[in-house]
file query.txt (compact mmCIF, C-alpha atoms)
# COMPACT_ATOMS: atom_id res chain seq x y z
CA MET A 1 29.96 6.55 63.23
CA ASN A 2 31.66 8.40 60.36
CA GLU A 3 31.60 7.22 56.73
CA THR A 4 35.06 5.62 56.83
CA LYS A 5 34.27 3.63 59.97
CA THR A 6 30.90 2.62 58.53
CA ARG A 7 32.48 1.34 55.34
CA MET A 8 35.11 -0.53 57.35
CA ALA A 9 32.35 -2.16 59.40
CA SER A 10 30.65 -3.15 56.14
CA VAL A 11 33.86 -4.83 54.96
CA ASP A 12 34.16 -6.56 58.34
CA VAL A 13 30.65 -7.99 57.90
CA CYS A 14 31.61 -9.23 54.45
CA LYS A 15 34.80 -10.89 55.69
CA CYS A 16 32.88 -12.62 58.48
CA LEU A 17 30.37 -13.98 55.97
CA ALA A 18 33.18 -15.07 53.67
CA ILE A 19 34.93 -17.16 56.33
CA VAL A 20 31.63 -18.79 57.34
CA PHE A 21 31.10 -19.63 53.67
CA VAL A 22 34.61 -21.16 53.50
CA LEU A 23 33.79 -23.45 56.42
CA LEU A 24 30.51 -24.55 54.83
CA ILE A 25 32.18 -25.17 51.47
CA HIS A 26 34.66 -27.58 53.01
CA THR A 27 32.22 -29.41 55.28
CA SER A 28 29.61 -29.86 52.54
CA GLY A 29 32.14 -30.50 49.79
CA ASP A 30 33.24 -33.80 51.31
CA VAL A 31 29.67 -35.07 50.92
CA LEU A 32 29.31 -33.88 47.33
CA SER A 33 32.42 -35.71 46.23
CA VAL A 34 31.23 -39.13 47.44
CA CYS A 35 27.45 -39.10 47.01
CA ALA A 36 25.53 -40.03 43.89
CA PRO A 37 24.17 -36.96 42.07
CA GLY A 38 20.51 -36.45 42.82
CA SER A 39 20.60 -38.45 46.05
CA LYS A 40 19.16 -36.92 49.19
CA ASN A 41 22.59 -36.41 50.73
CA PHE A 42 23.91 -34.83 47.54
CA LEU A 43 21.03 -32.36 47.38
CA GLU A 44 21.34 -31.42 51.04
CA ALA A 45 25.09 -30.85 50.73
CA LEU A 46 24.57 -28.83 47.55
CA LEU A 47 22.10 -26.61 49.41
CA TRP A 48 25.01 -25.49 51.60
CA SER A 49 27.72 -25.63 48.99
CA ALA A 50 26.11 -23.76 46.07
CA PRO A 51 25.20 -20.40 47.68
CA THR A 52 28.50 -20.19 49.59
CA ARG A 53 30.81 -20.52 46.59
CA CYS A 54 31.45 -16.79 46.53
CA ALA A 55 33.72 -17.03 49.60
CA VAL A 56 37.10 -16.38 47.95
CA PRO A 57 35.66 -13.72 45.58
CA LEU A 58 34.28 -11.93 48.66
CA PHE A 59 37.74 -11.82 50.21
CA LEU A 60 39.13 -10.39 46.98
CA LEU A 61 36.35 -7.80 46.83
CA CYS A 62 37.16 -6.79 50.40
CA SER A 63 40.84 -6.41 49.53
CA GLY A 64 39.93 -4.18 46.62
CA ALA A 65 37.55 -2.11 48.71
CA LEU A 66 40.20 -1.48 51.36
CA LEU A 67 43.45 -1.24 49.41
CA LEU A 68 42.22 0.54 46.29
CA ASP A 69 40.49 3.29 48.28
CA GLU A 70 41.97 6.56 47.04
CA ARG A 71 41.88 7.94 50.60
CA ARG A 72 44.36 5.32 51.73
CA GLU A 73 48.07 5.74 51.06
CA LEU A 74 49.99 2.61 50.12
CA PRO A 75 53.66 3.32 49.37
CA LEU A 76 55.73 0.55 47.78
CA LYS A 77 57.86 0.23 50.92
CA LYS A 78 54.81 -0.59 53.03
CA LEU A 79 53.26 -2.79 50.35
CA TRP A 80 56.33 -5.01 49.98
CA GLY A 81 57.81 -4.61 53.45
CA ARG A 82 54.57 -5.26 55.31
CA ASN A 83 51.66 -6.59 53.25
CA ILE A 84 53.44 -8.88 50.80
CA LEU A 85 56.12 -10.01 53.26
CA HIS A 86 53.35 -10.87 55.74
CA LEU A 87 51.61 -13.06 53.16
CA LEU A 88 54.82 -14.79 52.11
CA LEU A 89 55.82 -15.61 55.68
CA ALA A 90 52.32 -16.83 56.51
CA LEU A 91 52.14 -18.94 53.36
CA PHE A 92 55.39 -20.81 53.86
CA PHE A 93 54.98 -21.17 57.62
CA TRP A 94 51.52 -22.70 57.41
CA ALA A 95 52.42 -24.75 54.34
CA ALA A 96 55.24 -26.22 56.46
CA VAL A 97 52.82 -26.84 59.35
CA TYR A 98 50.55 -28.83 57.03
CA LYS A 99 53.53 -30.86 55.74
CA VAL A 100 54.56 -31.68 59.29
CA TYR A 101 50.98 -32.55 60.22
CA GLY A 102 50.75 -34.88 57.21
CA CYS A 103 53.96 -36.65 58.19
CA ALA A 104 52.80 -36.91 61.80
CA VAL A 105 49.41 -38.50 61.09
CA SER A 106 50.85 -40.88 58.49
CA GLY A 107 53.90 -41.77 60.55
CA ALA A 108 56.10 -41.03 57.53
CA TRP A 109 59.15 -39.55 59.22
CA THR A 110 61.63 -41.11 56.82
CA ALA A 111 64.40 -39.04 55.26
CA GLN A 112 62.81 -39.48 51.84
CA ALA A 113 59.40 -38.30 53.06
CA LEU A 114 60.90 -35.22 54.67
CA LYS A 115 62.97 -34.51 51.57
CA THR A 116 59.86 -34.75 49.41
CA ALA A 117 57.94 -32.48 51.77
CA GLY A 118 60.74 -29.92 51.71
CA LYS A 119 60.95 -30.00 47.93
CA GLU A 120 57.17 -29.52 47.63
CA LEU A 121 57.35 -26.64 50.07
CA LEU A 122 59.99 -24.82 48.02
CA LEU A 123 58.12 -25.47 44.75
CA TRP A 124 54.88 -23.98 46.13
CA GLN A 125 53.14 -27.37 46.11
CA HIS A 126 51.15 -26.56 49.20
CA GLU A 127 47.91 -27.58 50.88
CA ALA A 128 45.07 -27.07 48.42
CA HIS A 129 43.20 -24.31 50.27
CA LEU A 130 46.38 -22.24 50.58
CA TYR A 131 46.03 -21.40 46.88
CA PHE A 132 44.33 -18.23 48.06
CA LEU A 133 47.60 -16.78 49.33
CA PRO A 134 49.49 -16.83 45.99
CA LEU A 135 46.29 -15.46 44.47
CA ILE A 136 46.19 -12.52 46.84
CA LEU A 137 49.95 -12.06 46.54
CA LEU A 138 49.58 -11.42 42.84
CA THR A 139 46.76 -8.94 43.35
CA TYR A 140 48.86 -7.14 45.97
CA ALA A 141 51.83 -6.95 43.61
CA PHE A 142 49.54 -5.29 41.04
CA LEU A 143 48.03 -2.80 43.50
CA PRO A 144 50.23 0.14 42.39
CA VAL A 145 49.09 -0.49 38.81
CA THR A 146 45.41 -0.88 39.62
CA ARG A 147 45.48 2.11 41.98
CA ALA A 148 47.06 4.27 39.27
CA PHE A 149 44.45 3.12 36.76
CA LEU A 150 41.54 3.84 39.09
CA ARG A 151 42.82 7.29 40.02
CA ARG A 152 42.91 8.33 36.39
CA ALA A 153 39.93 6.48 34.95
CA ASP A 154 36.39 7.81 35.00
CA ASP A 155 33.49 5.54 35.95
CA GLN A 156 32.67 4.77 32.32
CA THR A 157 36.21 3.50 31.70
CA VAL A 158 36.14 1.44 34.90
CA ARG A 159 32.83 -0.14 33.86
CA TYR A 160 34.31 -0.90 30.42
CA ALA A 161 37.31 -2.56 32.10
CA LEU A 162 34.99 -4.63 34.30
CA ILE A 163 32.98 -5.76 31.28
CA LEU A 164 36.19 -6.92 29.60
CA TRP A 165 37.22 -8.71 32.80
CA ALA A 166 33.81 -10.40 33.14
CA PHE A 167 34.09 -11.69 29.58
CA PHE A 168 37.75 -12.76 29.53
CA GLY A 169 38.11 -13.63 33.21
CA ILE A 170 34.74 -15.19 34.08
CA LEU A 171 32.73 -16.25 31.01
CA LEU A 172 35.52 -17.47 28.71
CA PRO A 173 37.34 -19.54 31.36
CA THR A 174 34.03 -21.19 32.27
CA ALA A 175 33.32 -21.92 28.60
CA LYS A 176 36.83 -23.34 28.25
CA SER A 177 36.30 -25.65 31.24
CA PHE A 178 33.32 -27.17 29.41
CA GLY A 179 35.36 -27.68 26.24
CA LEU A 180 33.32 -25.07 24.36
CA LEU A 181 36.46 -23.46 22.95
CA ASP A 182 38.03 -26.69 21.71
CA GLY A 183 36.91 -26.16 18.14
CA PHE A 184 38.40 -22.66 17.93
CA GLY A 185 41.90 -21.75 16.86
CA ALA A 186 44.82 -21.75 19.27
CA LEU A 187 44.74 -17.99 19.74
CA VAL A 188 41.10 -17.98 20.84
CA ARG A 189 41.75 -20.85 23.25
CA GLN A 190 44.45 -18.74 24.88
CA MET A 191 42.27 -15.67 25.36
CA PRO A 192 40.64 -16.65 28.70
CA LEU A 193 42.42 -15.14 31.67
CA ALA A 194 44.02 -17.58 34.09
CA MET A 195 42.52 -17.46 37.59
CA PRO A 196 45.45 -15.64 39.28
CA TRP A 197 45.27 -12.82 36.74
CA SER A 198 41.49 -12.72 36.83
CA ALA A 199 41.70 -12.12 40.58
CA VAL A 200 42.92 -8.58 39.87
CA GLY A 201 39.53 -7.90 38.27
CA TYR A 202 37.75 -8.87 41.47
CA THR A 203 39.72 -6.25 43.41
CA VAL A 204 38.72 -3.56 40.89
CA LEU A 205 35.11 -4.69 41.21
CA GLY A 206 35.43 -4.43 44.99
CA ASP A 207 36.53 -0.82 44.77
CA TYR A 208 33.75 0.01 42.29
CA LEU A 209 31.02 -1.62 44.41
CA ARG A 210 32.38 0.07 47.51
CA ARG A 211 31.69 3.39 45.84
CA LYS A 212 28.59 2.37 43.90
CA PRO A 213 26.98 -0.71 45.46
CA LEU A 214 24.11 -2.36 43.62
CA SER A 215 20.62 -1.43 44.76
CA VAL A 216 19.03 -3.82 47.23
CA LYS A 217 16.73 -5.21 44.51
CA ALA A 218 19.58 -5.67 42.04
CA ALA A 219 21.80 -7.25 44.71
CA CYS A 220 19.08 -9.71 45.72
CA ALA A 221 18.47 -10.55 42.05
CA CYS A 222 22.19 -11.28 41.60
CA ILE A 223 22.20 -13.51 44.67
CA LEU A 224 19.15 -15.48 43.55
CA LEU A 225 20.42 -15.86 39.99
CA GLY A 226 23.92 -16.78 41.14
CA ALA A 227 22.63 -19.38 43.59
CA ALA A 228 20.35 -20.82 40.91
CA ILE A 229 23.26 -21.17 38.47
CA CYS A 230 25.50 -22.79 41.08
CA PHE A 231 22.82 -25.14 42.41
CA GLY A 232 20.72 -25.89 39.33
CA GLY A 233 23.61 -25.95 36.89
CA THR A 234 25.73 -28.23 39.07
CA LEU A 235 22.82 -30.57 39.70
CA ALA A 236 21.89 -30.80 36.01
CA LEU A 237 25.47 -31.37 34.85
CA SER A 238 26.16 -33.90 37.59
CA LEU A 239 22.99 -35.87 36.83
CA CYS A 240 23.94 -36.03 33.15
CA ALA A 241 27.51 -37.14 33.89
CA GLY A 242 26.65 -39.48 36.76
CA ALA A 243 29.30 -37.81 38.93
CA LEU A 244 29.95 -34.42 40.47
CA GLN A 245 30.66 -31.74 37.87
CA ALA A 246 31.97 -28.74 39.79
CA GLN A 247 32.72 -26.24 37.02
CA LEU A 248 29.83 -23.99 38.07
CA LEU A 249 30.93 -24.12 41.71
CA GLU A 250 34.28 -22.49 41.02
CA GLY A 251 34.84 -19.06 42.52
CA PHE A 252 35.56 -17.59 39.09
CA SER A 253 32.40 -18.94 37.48
CA PRO A 254 29.41 -16.75 36.56
CA GLY A 255 27.20 -17.91 39.43
CA ALA A 256 29.83 -17.29 42.10
CA CYS A 257 30.61 -13.87 40.59
CA LEU A 258 26.95 -12.84 40.72
CA LEU A 259 26.65 -14.12 44.28
CA ALA A 260 29.75 -12.19 45.34
CA ALA A 261 28.58 -8.94 43.73
CA GLY A 262 25.15 -9.24 45.38
CA VAL A 263 26.37 -10.19 48.85
CA PHE A 264 29.12 -7.56 48.81
CA SER A 265 26.70 -4.83 47.72
CA LEU A 266 24.31 -5.68 50.54
CA CYS A 267 27.19 -5.65 53.01
CA MET A 268 28.19 -2.18 51.80
CA ARG A 269 24.72 -0.98 52.77
CA VAL A 270 24.86 -2.43 56.29
CA ARG A 271 24.90 0.09 59.11
CA LEU A 272 25.77 -1.46 62.45
CA PRO A 273 25.47 0.02 65.94
CA GLU A 274 28.83 0.54 67.62
CA ARG A 275 28.71 -2.58 69.81
CA ALA A 276 27.75 -4.85 66.92
CA ALA A 277 30.50 -3.32 64.79
CA ALA A 278 33.03 -4.09 67.53
CA VAL A 279 31.95 -7.74 67.64
CA VAL A 280 32.07 -8.08 63.87
CA SER A 281 35.50 -6.45 63.87
CA VAL A 282 36.84 -9.29 66.03
CA GLY A 283 35.52 -11.87 63.59
CA SER A 284 37.04 -9.96 60.71
CA ARG A 285 40.47 -9.81 62.34
CA ALA A 286 40.31 -13.54 63.07
CA SER A 287 39.19 -14.50 59.56
CA PHE A 288 42.67 -14.83 58.02
CA CYS A 289 43.91 -17.11 60.80
CA VAL A 290 40.70 -19.15 60.67
CA TYR A 291 41.22 -19.59 56.93
CA LEU A 292 44.78 -20.76 57.48
CA VAL A 293 44.11 -23.30 60.25
CA HIS A 294 40.56 -24.54 59.64
CA ILE A 295 41.62 -27.56 57.58
CA LEU A 296 43.86 -28.71 60.45
CA VAL A 297 40.91 -28.40 62.83
CA LEU A 298 38.54 -30.12 60.42
CA ARG A 299 40.91 -33.07 59.95
CA THR A 300 41.31 -33.35 63.70
CA LEU A 301 37.53 -33.49 64.04
CA TYR A 302 37.38 -36.19 61.39
CA ARG A 303 40.02 -38.24 63.19
CA ALA A 304 37.91 -37.94 66.35
CA GLY A 305 34.96 -39.44 64.48
CA LEU A 306 33.07 -36.20 63.93
CA THR A 307 32.29 -36.32 60.22
CA THR A 308 29.38 -35.36 58.00
CA GLY A 309 28.22 -38.97 58.38
CA ILE A 310 27.05 -38.44 61.96
CA CYS A 311 23.66 -37.27 60.67
CA ARG A 312 22.02 -35.82 57.57
CA PRO A 313 24.32 -33.42 55.67
CA LEU A 314 21.74 -30.66 56.04
CA PHE A 315 22.60 -30.61 59.74
CA SER A 316 26.04 -32.23 59.94
CA ALA A 317 27.67 -29.79 57.50
CA LEU A 318 26.44 -26.87 59.59
CA LEU A 319 27.43 -28.54 62.87
CA LEU A 320 30.93 -29.35 61.65
CA ALA A 321 31.35 -25.84 60.26
CA ALA A 322 30.39 -24.42 63.66
CA LEU A 323 32.78 -26.74 65.53
CA CYS A 324 35.57 -26.10 63.06
CA GLY A 325 35.01 -22.36 63.22
CA ALA A 326 34.99 -22.38 67.02
CA GLY A 327 38.19 -24.42 67.19
CA SER A 328 39.91 -22.21 64.65
CA PHE A 329 38.79 -19.08 66.51
CA VAL A 330 40.28 -20.41 69.75
CA ILE A 331 43.57 -20.99 67.94
CA TRP A 332 43.45 -17.37 66.76
CA LEU A 333 42.78 -16.16 70.30
CA ILE A 334 45.88 -18.01 71.50
CA LEU A 335 48.19 -17.08 68.62
CA SER A 336 47.08 -13.44 68.57
CA ARG A 337 48.57 -13.00 72.05
CA ILE A 338 52.06 -13.55 70.60
CA PRO A 339 53.05 -10.21 69.04
CA TRP A 340 55.41 -11.50 66.33
CA VAL A 341 53.00 -14.26 65.34
CA ARG A 342 50.07 -11.83 65.27
CA ARG A 343 51.99 -9.43 63.05
CA TRP A 344 53.52 -11.85 60.53
CA LEU A 345 51.92 -15.31 60.60
CA ILE A 346 48.19 -14.75 61.07

call {"tool": "encode", "arguments": {"input": "query.txt", "output": "structure tokens"}}
result
Amino acid sequence: MNETKTRMASVDVCKCLAIVFVLLIHTSGDVLSVCAPGSKNFLEALLWSAPTRCAVPLFLLCSGALLLDERRELPLKKLWGRNILHLLLALFFWAAVYKVYGCAVSGAWTAQALKTAGKELLLWQHEAHLYFLPLILLTYAFLPVTRAFLRRADDQTVRYALILWAFFGILLPTAKSFGLLDGFGALVRQMPLAMPWSAVGYTVLGDYLRRKPLSVKAACACILLGAAICFGGTLALSLCAGALQAQLLEGFSPGACLLAAGVFSLCMRVRLPERAAAVVSVGSRASFCVYLVHILVLRTLYRAGLTTGICRPLFSALLLAALCGAGSFVIWLILSRIPWVRRWLI
């Protein structure tokens, strides 16, 4: 297996992990939002939720690793006529599917309900988890800029840029979410990067770690520290507030960033035999569709009585994630047989 294929397999592994993490975030998150902090159920759900909060950052790192690779050509015509158009069509199609599903399960087929749904669709007021698509759309739009920067910058300049991004795109926004910037002047309060713009930094980090992954020891240290921040910090803050405080579970928080850097670096060092790489490749290709449809599958499971309440969250969150993933994968298998759908909507 040549170097390019090996690196692609490494990205496939990372994308498979990321989609599994997405499923666990959503199955465990429902428990966190309703349980008392410190309770047994809360702790068990947090055990799944905290270390998986790097899911979206991992997808962004993968995009950077693939699309910022200097060996890969990406003309504007292909970027806008294929990549960005694909995302736009997928976004509005699946946003519409979720609107229709919501009307169907609520029985709200009135003209006013449909008018409201249509207005929300046009104003990008979509299903919550679909926020990832506008996020990735912005990073794609900036690819010609980031590619030009990386082709001309030496490693020292790239590291300097990443340090600036970590400060203004990760640390300051987290501090702002805790109100730690409230006493500063208006200009300082406006310095933190908004999440969509900070996403560009993750793609640059993905390209850098593709070329220079952290050592195994450093990657494991990042994972342990990141998980400790997400778990311990969330638990401590939630106990003090008497309710879930999720600032340190956000994908653009320090703990999630450390987790993503560690997991991604380990994935870059993975070397799979050809058969295993082929299996992982299937999961990677399905990951986008699974991301799009998994909330529909999860809600269908809930309506059938399969919720995290069927047993302890330590087991039910994992079981539901497996069922949801399997159902979503079957949907991908069906939809991927339709050429136009496979090319533009999944």

call {"tool": "atom_distance", "arguments": {"input": "query.txt", "atom1": "atom CA of Thr27 of chain A", "atom2": "atom CA of Ile295 of chain A"}}
result
9.9 Å

call {"tool": "residues_near_point", "arguments": {"input": "query.txt", "point": "(22.2, -14.7, 43.6)", "cutoff": "8 Å", "atoms": "all atoms listed in the file", "output": "JSON, numbers by chain"}}
result
{"A": [51, 219, 220, 221, 222, 223, 224, 225, 226, 227, 228, 255, 258, 259, 262]}

call {"tool": "atom_distance", "arguments": {"input": "query.txt", "atom1": "atom CA of Arg147 of chain A", "atom2": "atom CA of Phe92 of chain A"}}
result
27.7 Å

call {"tool": "closest_residue", "arguments": {"input": "query.txt", "among": "A:Ala276, A:Leu181, A:Leu47, A:Ala241", "to": "Leu318 of chain A", "atoms": "only C-alpha atoms"}}
result
A:Leu47

call {"tool": "atom_distance", "arguments": {"input": "query.txt", "atom1": "atom CA of Ala260 of chain A", "atom2": "atom CA of Ala55 of chain A"}}
result
7.6 Å

call {"tool": "closest_residue", "arguments": {"input": "query.txt", "among": "A:Leu46, A:Leu237, A:Cys103, A:Met195", "to": "Ile136 of chain A", "atoms": "all atoms listed in the file"}}
result
A:Met195

call {"tool": "axis_aligned_box", "arguments": {"input": "query.txt", "around": "segment 163-180 of chain A", "padding_each_side": "5 Å", "output": "lines of an AutoDock Vina configuration file"}}
result
center_x = 35.4
center_y = -16.7
center_z = 29.2
size_x = 15.4
size_y = 31.9
size_z = 19.7

call {"tool": "residues_near_point", "arguments": {"input": "query.txt", "point": "(30.8, -25.3, 54.7)", "cutoff": "8 Å", "atoms": "all atoms listed in the file", "output": "list in words"}}
result
Val20, Phe21, Val22, Leu23, Leu24, Ile25, His26, Thr27, Ser28, Gly29, Trp48, Ser49, Thr52, Ala317, Leu318 and Ala321 of chain A

call {"tool": "residues_around", "arguments": {"input": "query.txt", "residues": "segment 332-339 of chain A", "least_positions_apart": "6", "cutoff": "8 Å", "atoms": "only C-alpha atoms", "output": "PyMOL selection string"}}
result
chain A and resi 286+289-290+346

call {"tool": "residues_around", "arguments": {"input": "query.txt", "residues": "segment 118-126 of chain A", "least_positions_apart": "5", "cutoff": "8 Å", "atoms": "all atoms listed in the file", "output": "mmCIF file with C-alpha atoms, in the coordinates of the input"}}
result
data_model
loop_
_atom_site.group_PDB
_atom_site.id
_atom_site.type_symbol
_atom_site.label_atom_id
_atom_site.label_comp_id
_atom_site.auth_asym_id
_atom_site.auth_seq_id
_atom_site.Cartn_x
_atom_site.Cartn_y
_atom_site.Cartn_z
ATOM 1 C CA PHE A 92 55.390 -20.810 53.860
ATOM 2 C CA ALA A 95 52.420 -24.750 54.340
ATOM 3 C CA ALA A 96 55.240 -26.220 56.460
ATOM 4 C CA TYR A 131 46.030 -21.400 46.880
#

call {"tool": "closest_residue", "arguments": {"input": "query.txt", "among": "A:Tyr202, A:Phe168, A:Trp340, A:Phe231", "to": "Val188 of chain A", "atoms": "all atoms listed in the file"}}
result
A:Phe168

call {"tool": "build_atoms", "arguments": {"input": "query.txt", "residues": "segment 141-150 of chain A", "atoms": "all heavy atoms", "output": "mmCIF file, in the frame of the given file"}}
result
data_model
loop_
_atom_site.group_PDB
_atom_site.id
_atom_site.type_symbol
_atom_site.label_atom_id
_atom_site.label_comp_id
_atom_site.auth_asym_id
_atom_site.auth_seq_id
_atom_site.Cartn_x
_atom_site.Cartn_y
_atom_site.Cartn_z
ATOM 1 N N ALA A 141 50.722 -7.422 44.430
ATOM 2 C CA ALA A 141 51.830 -6.950 43.610
ATOM 3 C C ALA A 141 51.333 -5.970 42.543
ATOM 4 O O ALA A 141 52.062 -5.051 42.149
ATOM 5 C CB ALA A 141 52.548 -8.128 42.962
ATOM 6 N N PHE A 142 50.094 -6.152 42.081
ATOM 7 C CA PHE A 142 49.540 -5.290 41.040
ATOM 8 C C PHE A 142 48.833 -4.065 41.595
ATOM 9 O O PHE A 142 48.350 -3.230 40.826
ATOM 10 C CB PHE A 142 48.570 -6.092 40.166
ATOM 11 C CG PHE A 142 49.206 -6.638 38.924
ATOM 12 C CD1 PHE A 142 49.994 -7.767 38.982
ATOM 13 C CD2 PHE A 142 49.050 -5.994 37.699
ATOM 14 C CE1 PHE A 142 50.611 -8.273 37.847
ATOM 15 C CE2 PHE A 142 49.652 -6.481 36.564
ATOM 16 C CZ PHE A 142 50.435 -7.623 36.623
ATOM 17 N N LEU A 143 48.762 -3.921 42.915
ATOM 18 C CA LEU A 143 48.030 -2.800 43.500
ATOM 19 C C LEU A 143 48.514 -1.425 43.011
ATOM 20 O O LEU A 143 47.680 -0.553 42.721
ATOM 21 C CB LEU A 143 48.106 -2.861 45.029
ATOM 22 C CG LEU A 143 47.147 -3.850 45.695
ATOM 23 C CD1 LEU A 143 47.431 -3.948 47.187
ATOM 24 C CD2 LEU A 143 45.696 -3.446 45.456
ATOM 25 N N PRO A 144 49.819 -1.186 42.903
ATOM 26 C CA PRO A 144 50.230 0.140 42.390
ATOM 27 C C PRO A 144 49.696 0.411 40.986
ATOM 28 O O PRO A 144 49.359 1.557 40.655
ATOM 29 C CB PRO A 144 51.763 0.054 42.394
ATOM 30 C CG PRO A 144 52.085 -0.958 43.453
ATOM 31 C CD PRO A 144 50.988 -1.975 43.346
ATOM 32 N N VAL A 145 49.600 -0.643 40.170
ATOM 33 C CA VAL A 145 49.090 -0.490 38.810
ATOM 34 C C VAL A 145 47.590 -0.232 38.827
ATOM 35 O O VAL A 145 47.088 0.691 38.170
ATOM 36 C CB VAL A 145 49.419 -1.733 37.963
ATOM 37 C CG1 VAL A 145 48.855 -1.580 36.556
ATOM 38 C CG2 VAL A 145 50.923 -1.975 37.916
ATOM 39 N N THR A 146 46.862 -1.039 39.577
ATOM 40 C CA THR A 146 45.410 -0.880 39.620
ATOM 41 C C THR A 146 45.019 0.427 40.299
ATOM 42 O O THR A 146 44.048 1.085 39.898
ATOM 43 C CB THR A 146 44.743 -2.071 40.334
ATOM 44 O OG1 THR A 146 45.423 -2.340 41.568
ATOM 45 C CG2 THR A 146 44.792 -3.315 39.474
ATOM 46 N N ARG A 147 45.776 0.837 41.321
ATOM 47 C CA ARG A 147 45.480 2.110 41.980
ATOM 48 C C ARG A 147 45.703 3.279 41.016
ATOM 49 O O ARG A 147 44.906 4.222 40.969
ATOM 50 C CB ARG A 147 46.370 2.279 43.220
ATOM 51 C CG ARG A 147 45.899 1.452 44.421
ATOM 52 C CD ARG A 147 46.927 1.471 45.538
ATOM 53 N NE ARG A 147 47.110 2.815 46.071
ATOM 54 C CZ ARG A 147 46.400 3.331 47.079
ATOM 55 N NH1 ARG A 147 45.453 2.595 47.650
ATOM 56 N NH2 ARG A 147 46.635 4.540 47.519
ATOM 57 N N ALA A 148 46.788 3.202 40.246
ATOM 58 C CA ALA A 148 47.060 4.270 39.270
ATOM 59 C C ALA A 148 45.972 4.327 38.208
ATOM 60 O O ALA A 148 45.515 5.413 37.814
ATOM 61 C CB ALA A 148 48.427 4.047 38.624
ATOM 62 N N PHE A 149 45.523 3.164 37.756
ATOM 63 C CA PHE A 149 44.450 3.120 36.760
ATOM 64 C C PHE A 149 43.173 3.738 37.303
ATOM 65 O O PHE A 149 42.524 4.578 36.648
ATOM 66 C CB PHE A 149 44.203 1.675 36.330
ATOM 67 C CG PHE A 149 42.900 1.468 35.602
ATOM 68 C CD1 PHE A 149 42.716 1.938 34.313
ATOM 69 C CD2 PHE A 149 41.842 0.805 36.218
ATOM 70 C CE1 PHE A 149 41.518 1.771 33.651
ATOM 71 C CE2 PHE A 149 40.637 0.623 35.564
ATOM 72 C CZ PHE A 149 40.476 1.112 34.276
ATOM 73 N N LEU A 150 42.801 3.359 38.521
ATOM 74 C CA LEU A 150 41.540 3.840 39.090
ATOM 75 C C LEU A 150 41.577 5.334 39.402
ATOM 76 O O LEU A 150 40.544 6.001 39.350
ATOM 77 C CB LEU A 150 41.207 3.037 40.342
ATOM 78 C CG LEU A 150 40.782 1.582 40.093
ATOM 79 C CD1 LEU A 150 40.712 0.804 41.393
ATOM 80 C CD2 LEU A 150 39.440 1.521 39.365
#
